[in-house]
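K.L.:
Just one file: target.csv, with CSV, C-alpha atoms.
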chain,number,residue,atom,x,y,z
A,12,MET,CA,28.4,6.1,-16.5
A,13,THR,CA,24.9,6.4,-17.7
A,14,THR,CA,23.0,3.1,-17.1
A,15,VAL,CA,20.3,2.1,-19.6
A,16,VAL,CA,17.7,-0.6,-19.0
A,17,ILE,CA,15.4,-1.6,-21.8
A,18,THR,CA,12.5,-4.0,-21.3
A,19,GLN,CA,9.0,-4.7,-22.6
A,20,PRO,CA,6.1,-3.5,-20.5
A,21,MET,CA,5.0,-6.3,-18.2
A,22,LEU,CA,2.2,-7.0,-15.7
A,23,PHE,CA,3.4,-6.5,-12.1
A,24,PRO,CA,6.7,-8.3,-12.7
A,25,TRP,CA,8.8,-10.3,-10.2
A,26,PRO,CA,11.0,-8.5,-7.6
A,27,GLY,CA,14.2,-9.3,-9.6
A,28,PHE,CA,13.0,-7.0,-12.3
A,29,PHE,CA,12.9,-4.2,-9.7
A,30,GLU,CA,16.5,-4.8,-8.7
A,31,GLN,CA,17.3,-4.1,-12.3
A,32,LEU,CA,15.0,-1.1,-12.5
A,33,ALA,CA,16.7,0.4,-9.3
A,34,LEU,CA,20.0,0.6,-11.2
A,35,ALA,CA,18.7,2.5,-14.2
A,36,ASP,CA,19.5,6.1,-15.0
A,37,ILE,CA,17.4,5.8,-18.1
A,38,TYR,CA,14.6,3.3,-18.5
A,39,VAL,CA,13.1,2.5,-21.9
A,40,TYR,CA,9.8,0.8,-22.3
A,41,LEU,CA,10.1,-1.4,-25.5
A,42,ASP,CA,6.4,-0.8,-26.2
A,43,ASP,CA,6.6,-1.3,-30.0
A,44,ALA,CA,8.0,-4.8,-29.7
A,45,GLN,CA,5.8,-7.5,-31.1
A,46,PHE,CA,3.8,-9.4,-28.5
A,47,SER,CA,5.1,-12.9,-27.8
A,48,LYS,CA,2.6,-15.5,-26.7
A,49,GLY,CA,3.6,-17.1,-23.4
A,50,SER,CA,5.7,-14.2,-22.3
A,51,PHE,CA,5.3,-12.2,-19.1
A,52,THR,CA,3.7,-9.2,-20.9
A,53,ASN,CA,0.2,-9.9,-19.8
A,54,ARG,CA,0.6,-12.5,-17.0
A,55,VAL,CA,2.5,-13.1,-13.8
A,56,GLN,CA,2.4,-15.8,-11.1
A,57,VAL,CA,1.1,-15.3,-7.6
A,58,LYS,CA,1.5,-17.7,-4.7
A,59,VAL,CA,-1.7,-19.1,-3.1
A,60,GLY,CA,-0.8,-21.4,-0.2
A,61,ASP,CA,1.8,-23.9,-1.4
A,62,GLN,CA,0.8,-23.4,-5.1
A,63,THR,CA,1.5,-20.8,-7.8
A,64,LYS,CA,-1.2,-19.6,-10.1
A,65,TRP,CA,-1.2,-17.4,-13.2
A,66,MET,CA,-2.8,-14.0,-13.1
A,67,THR,CA,-3.4,-13.3,-16.8
A,68,ILE,CA,-5.0,-10.5,-18.7
A,69,PRO,CA,-6.9,-12.1,-21.6
A,70,LEU,CA,-6.1,-10.5,-25.0
A,71,ALA,CA,-8.5,-9.7,-27.8
A,72,GLY,CA,-7.6,-12.0,-30.7
A,73,GLY,CA,-4.9,-13.6,-28.6
A,74,GLY,CA,-2.6,-10.6,-29.3
A,75,THR,CA,-1.2,-12.3,-32.3
A,76,TYR,CA,1.2,-10.2,-34.5
A,77,LYS,CA,0.5,-7.0,-32.6
A,78,PRO,CA,3.0,-4.6,-31.0
A,79,ILE,CA,2.5,-4.4,-27.3
A,80,MET,CA,1.3,-0.8,-27.5
A,81,ASP,CA,-1.6,-1.9,-29.7
A,82,LEU,CA,-2.8,-4.9,-27.6
A,83,ASP,CA,-6.4,-4.9,-26.3
A,84,ALA,CA,-7.8,-6.8,-23.4
A,85,THR,CA,-11.0,-8.8,-23.9
A,86,PRO,CA,-14.1,-7.5,-22.2
A,87,GLY,CA,-15.1,-9.2,-19.0
A,88,ASP,CA,-14.6,-9.4,-15.3
A,89,TRP,CA,-10.8,-10.2,-15.3
A,90,ARG,CA,-10.1,-7.2,-13.1
A,91,ALA,CA,-12.4,-8.6,-10.4
A,92,THR,CA,-11.0,-12.1,-10.9
A,93,HIS,CA,-7.5,-10.8,-10.4
A,94,GLN,CA,-8.5,-8.8,-7.3
A,95,LEU,CA,-10.1,-12.0,-5.8
A,96,LEU,CA,-7.0,-14.1,-6.6
A,97,LEU,CA,-4.7,-11.5,-5.0
A,98,LYS,CA,-6.9,-11.4,-1.9
A,99,GLN,CA,-6.6,-15.2,-1.7
A,100,SER,CA,-2.9,-15.0,-2.2
A,101,LEU,CA,-2.4,-12.4,0.5
A,102,ALA,CA,-5.1,-13.5,2.9
A,103,THR,CA,-2.7,-13.5,5.9
A,104,ALA,CA,-0.4,-10.7,4.7
A,105,SER,CA,-0.2,-7.6,6.9
A,106,HIS,CA,0.0,-5.2,4.0
A,107,ALA,CA,-2.4,-6.9,1.6
A,108,GLN,CA,-4.6,-3.8,1.2
A,109,ASP,CA,-1.6,-1.8,-0.1
A,110,ALA,CA,-1.0,-4.4,-2.8
A,111,ILE,CA,-4.7,-4.5,-3.7
A,112,ASP,CA,-4.9,-0.7,-3.9
A,113,ILE,CA,-1.9,-0.7,-6.4
A,114,LEU,CA,-3.7,-3.4,-8.5
A,115,ASP,CA,-6.9,-1.4,-8.6
A,116,ARG,CA,-5.1,1.9,-9.5
A,117,ALA,CA,-3.2,0.2,-12.3
A,118,TYR,CA,-6.4,-1.3,-13.7
A,119,GLU,CA,-8.0,2.2,-14.0
A,120,GLN,CA,-6.2,2.7,-17.3
A,121,ASP,CA,-8.1,2.3,-20.5
A,122,LYS,CA,-5.2,1.0,-22.8
A,123,LEU,CA,-3.7,-2.3,-21.9
A,124,CYS,CA,-0.1,-1.0,-22.5
A,125,ASP,CA,-0.8,1.8,-20.1
A,126,THR,CA,-2.0,-0.7,-17.5
A,127,LEU,CA,1.2,-2.7,-17.8
A,128,ILE,CA,3.4,0.4,-17.5
A,129,ARG,CA,1.3,1.7,-14.6
A,130,SER,CA,1.7,-1.6,-12.8
A,131,ILE,CA,5.4,-1.2,-12.8
A,132,GLU,CA,5.5,2.5,-12.0
A,133,LEU,CA,3.0,2.3,-9.1
A,134,SER,CA,5.0,-0.6,-7.6
A,135,ALA,CA,8.3,1.2,-8.0
A,136,ASP,CA,6.9,4.4,-6.4
A,137,TYR,CA,5.6,2.4,-3.5
A,138,ILE,CA,8.9,0.7,-2.7
A,139,GLY,CA,10.8,3.9,-3.3
A,140,ILE,CA,13.2,2.9,-6.2
A,141,GLY,CA,14.1,4.6,-9.4
A,142,THR,CA,12.6,8.0,-8.5
A,143,SER,CA,15.3,9.9,-10.4
A,144,ARG,CA,15.4,7.8,-13.5
A,145,LYS,CA,14.4,9.2,-16.9
A,146,ILE,CA,11.7,7.2,-18.6
A,147,THR,CA,11.0,7.0,-22.3
A,148,HIS,CA,9.3,4.7,-24.8
A,149,SER,CA,10.9,3.0,-27.8
A,150,SER,CA,7.9,4.0,-29.9
A,151,GLU,CA,8.9,7.7,-29.4
A,152,LEU,CA,12.5,7.3,-30.4
A,153,ASN,CA,12.1,6.6,-34.1
A,154,ILE,CA,14.9,4.0,-34.0
A,155,VAL,CA,14.3,1.1,-36.3
A,156,GLY,CA,15.9,-2.3,-36.6
A,157,SER,CA,15.9,-5.5,-34.7
A,158,SER,CA,17.7,-7.7,-32.2
A,159,TRP,CA,20.9,-6.5,-30.5
A,160,LYS,CA,21.6,-3.8,-33.2
A,161,ARG,CA,18.4,-1.9,-32.3
A,162,VAL,CA,19.1,-2.3,-28.6
A,163,LEU,CA,22.6,-0.8,-29.2
A,164,ASP,CA,21.1,2.1,-31.2
A,165,ILE,CA,18.6,2.8,-28.5
A,166,VAL,CA,21.3,2.9,-25.8
A,167,LEU,CA,23.4,5.2,-27.9
A,168,GLY,CA,20.3,7.3,-28.9
A,169,VAL,CA,19.5,8.1,-25.2
A,170,GLY,CA,23.1,8.7,-24.3
A,171,GLY,CA,23.9,5.5,-22.5
A,172,THR,CA,27.3,4.2,-21.7
A,173,ARG,CA,26.3,1.1,-19.7
A,174,TYR,CA,23.7,-1.4,-20.8
A,175,LEU,CA,22.2,-3.5,-18.0
A,176,THR,CA,20.2,-6.6,-19.1
A,177,GLY,CA,18.6,-9.8,-17.9
A,178,HIS,CA,19.9,-13.2,-18.6
A,179,GLY,CA,17.9,-14.0,-21.8
A,180,ALA,CA,19.9,-11.4,-23.8
A,181,ALA,CA,23.0,-13.7,-23.7
A,182,ARG,CA,21.4,-15.7,-26.6
A,183,TYR,CA,21.6,-12.9,-29.1
A,184,MET,CA,23.9,-10.2,-27.9
A,185,ASP,CA,27.0,-9.0,-29.7
A,186,HIS,CA,28.9,-7.8,-26.7
A,187,GLU,CA,32.0,-6.8,-28.6
A,188,ALA,CA,29.9,-4.5,-30.8
A,189,PHE,CA,28.6,-2.7,-27.8
A,190,GLU,CA,32.1,-2.2,-26.4
A,191,ALA,CA,33.4,-1.0,-29.8
A,192,ASN,CA,30.7,1.7,-29.5
A,193,GLY,CA,31.7,2.7,-26.0
A,194,VAL,CA,28.9,0.9,-24.2
A,195,SER,CA,29.8,-1.6,-21.4
A,196,VAL,CA,27.4,-4.6,-20.9
A,197,GLU,CA,26.5,-6.1,-17.6
A,198,TYR,CA,24.1,-8.8,-16.6
A,199,MET,CA,21.9,-8.8,-13.5
A,200,ASP,CA,23.1,-11.0,-10.6
A,201,TYR,CA,19.7,-11.4,-9.0
A,202,SER,CA,19.8,-11.7,-5.3
A,203,LEU,CA,16.7,-13.9,-4.9
A,204,THR,CA,16.5,-12.6,-1.3
A,205,PRO,CA,13.8,-14.6,0.6
A,206,TRP,CA,10.9,-12.7,2.2
A,207,PRO,CA,8.2,-14.2,4.5
A,208,GLN,CA,5.6,-16.3,2.5
A,209,ASP,CA,2.8,-18.6,3.5
A,210,GLY,CA,2.7,-22.3,2.7
A,211,GLY,CA,5.3,-24.5,1.0
A,212,ALA,CA,8.8,-23.6,-0.2
A,213,PHE,CA,9.8,-20.0,-0.8
A,214,THR,CA,9.7,-18.8,-4.4
A,215,PRO,CA,11.0,-15.4,-5.7
A,216,TYR,CA,9.4,-15.9,-9.1
A,217,VAL,CA,6.1,-14.3,-8.3
A,218,SER,CA,4.6,-10.8,-8.7
A,219,ILE,CA,6.1,-7.8,-6.9
A,220,LEU,CA,2.7,-7.6,-5.3
A,221,ASP,CA,3.5,-10.6,-3.1
A,222,LEU,CA,6.6,-8.8,-1.7
A,223,ILE,CA,4.6,-5.6,-1.2
A,224,GLY,CA,1.7,-7.3,0.4
A,225,ARG,CA,3.9,-9.2,2.9
A,226,THR,CA,6.5,-6.6,3.7
A,227,GLY,CA,4.9,-3.2,2.9
A,228,ARG,CA,7.3,-0.2,2.8
A,229,ASP,CA,10.1,-2.5,3.9
A,230,ALA,CA,10.0,-4.2,0.5
A,231,ASN,CA,13.1,-2.5,-0.8
A,232,GLN,CA,15.1,-4.1,2.0
A,233,PHE,CA,14.7,-7.4,0.2
A,234,LEU,CA,16.0,-6.0,-3.1
A,235,LYS,CA,19.8,-6.1,-3.3
A,236,PRO,CA,20.8,-5.0,-6.8
A,237,ARG,CA,24.1,-6.2,-8.2
A,238,THR,CA,25.5,-6.9,-11.6
A,239,VAL,CA,28.3,-9.0,-13.3
A,240,HIS,CA,30.3,-8.0,-16.4
A,241,TRP,CA,29.3,-9.9,-19.5
A,242,ARG,CA,32.6,-11.8,-19.8
A,243,GLU,CA,32.2,-13.2,-16.3
A,244,PHE,CA,28.6,-13.9,-16.8
A,245,LEU,CA,29.2,-15.9,-20.0
A,246,ALA,CA,32.1,-17.8,-18.4
A,247,LYS,CA,29.7,-19.0,-15.6
A,248,GLN,CA,27.3,-20.2,-18.3
A,249,THR,CA,29.9,-22.4,-19.9
A,250,PRO,CA,29.7,-26.1,-18.7
As structure tokens - that is how I would like this structure written.

P.N.:
Amino acid sequence: MTTVVITQPMLFPWPGFFEQLALADIYVYLDDAQFSKGSFTNRVQVKVGDQTKWMTIPLAGGGTYKPIMDLDATPGDWRATHQLLLKQSLATASHAQDAIDILDRAYEQDKLCDTLIRSIELSADYIGIGTSRKITHSSELNIVGSSWKRVLDIVLGVGGTRYLTGHGAARYMDHEAFEANGVSVEYMDYSLTPWPQDGGAFTPYVSILDLIGRTGRDANQFLKPRTVHWREFLAKQTP
């Protein structure tokens, strides 16, 4: 099977995303998708003590009605603000500097979309996952359409036979249509494996930089990728 993962570019996403990425033979950045306000495209949570705080890249014009690849960040010192927030978050972490270095390198990009993609690729390289996957961008594929039909066409267009997705897709997917076209659909079964954190209850829903900063090169030991077939996944969602 050739496993395809398709997601929008995101800012240093949570470790569960990297469990998904680790299983991809082909990874497609959905960079021409329209930006959705309140999404994780330009923001992610970090843990500071017993609180979580948002690390957000402010968007010119609010990013309204623009595809992700055309987004622009506002001028200002948000890079320095993010670095300070990350330093506060990882004040006692033994590998904090590694996480800060990754942040700084990602923020060397001029285009915002490149920054988002770089934040993922640098983190993946550091923890040693997905080094053999093929990477492409939806804007380069010339495949039009919307919703699940475009996703299916992209999977077929890149030669995929298995589509691996996050939980949100259950709201709009036509699973039978995928199977009729020779593509199996599986959902992530996120492990939510705890790693050492400071202050308060553990939360997995923070940036990958938290895992990197606290566990260093051992970060991949806390990622345990597994999936569930779509029929089993939907059965579990039914009350």

K.L.:
Between A:Tyr201, A:Tyr76, A:Tyr183, A:Phe213, which residue has the minimum interatomic distance to Gln45 of chain A, considering all atoms listed in the file?

P.N.:
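Smallest distance to Gln45 of chain A is found for A:Tyr76.
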
K.L.:
Can you tell me, as an MDAnalysis selection string, what residues are no more than 10 Å from Thr126 of chain A when counting only C-alpha atoms, ignoring any on the same chain fewer than 4 positions away?

P.N.:
chainID A and resid 20:23 53 114 116:122 130:132

K.L.:
With only C-alpha atoms as the atoms that count, which of A:Ala180, A:Ala107, A:Leu220, A:Ile140 lies nearest to Leu234 of chain A?

P.N.:
A:Ile140

K.L.:
Identify which of the residues A:Ile128, A:Ala71, A:Val162, A:Leu152 lies closest to Val196 of chain A, counting all atoms listed in the file when measuring atom-to-atom distances.

P.N.:
A:Val162

K.L.:
Smallest atom-to-atom distance to Tyr216 of chain A: which of A:Thr147, A:Thr142, A:Gln56, A:Asn153, using only C-alpha atoms?

P.N.:
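So, comparing all the options, the nearest one is A:Gln56.
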
K.L.:
Just the number, please: distance in Å from atom CA of Thr14 of chain A to atom CA of His178 of chain A, one decimal.

P.N.:
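Rounded to one decimal, the two atoms are 16.7 Å apart.
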
K.L.:
Have a look at atom CA of Lys58 of chain A and atom CA of Leu96 of chain A and let me know their distance in Å, one decimal.

P.N.:
9.4 Å

K.L.:
Would you mind telling me which residue in A:Thr176, A:Ala191, A:Thr204, A:Pro215 lies nearest to Phe244 of chain A when using only C-alpha atoms?

P.N.:
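When distances to Phe244 of chain A are compared using only C-alpha atoms, the smallest one comes from A:Thr176.
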
K.L.:
Using all atoms listed in the file, which of the listed residues (A:Phe189, A:Ser100, A:Ile165, A:Ile138) sits closest to Thr63 of chain A?

P.N.:
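Going through A:Phe189, A:Ser100, A:Ile165, A:Ile138 one by one, the smallest distance to Thr63 of chain A is for A:Ser100.
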
K.L.:
Quick one: pull the distance between atom CA of Gln232 of chain A and atom CA of Tyr174 of chain A, Å, one decimal.

P.N.:
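Pair atom CA of Gln232 of chain A / atom CA of Tyr174 of chain A returns 24.5 Å.
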
K.L.:
Take the point (-7.5, -6.0, -12.5) as written in the file and pick out every residue within 10 Å of it, counting only C-alpha atoms; give the list as a ChimeraX atom specification.

P.N.:
/A:66-68,88-95,97,111,113-119,126

K.L.:
Which neighbours of segment 148-151 of chain A fall inside 10 Å, counting only C-alpha atoms, when residues of the same chain fewer than 3 positions from it are skipped, and could you give them as a list of chain:residue names?

P.N.:
A:Ile17, A:Thr18, A:Gln19, A:Pro20, A:Tyr38, A:Val39, A:Tyr40, A:Leu41, A:Asp42, A:Asp43, A:Ala44, A:Pro78, A:Met80, A:Ile154, A:Val155, A:Val162, A:Ile165
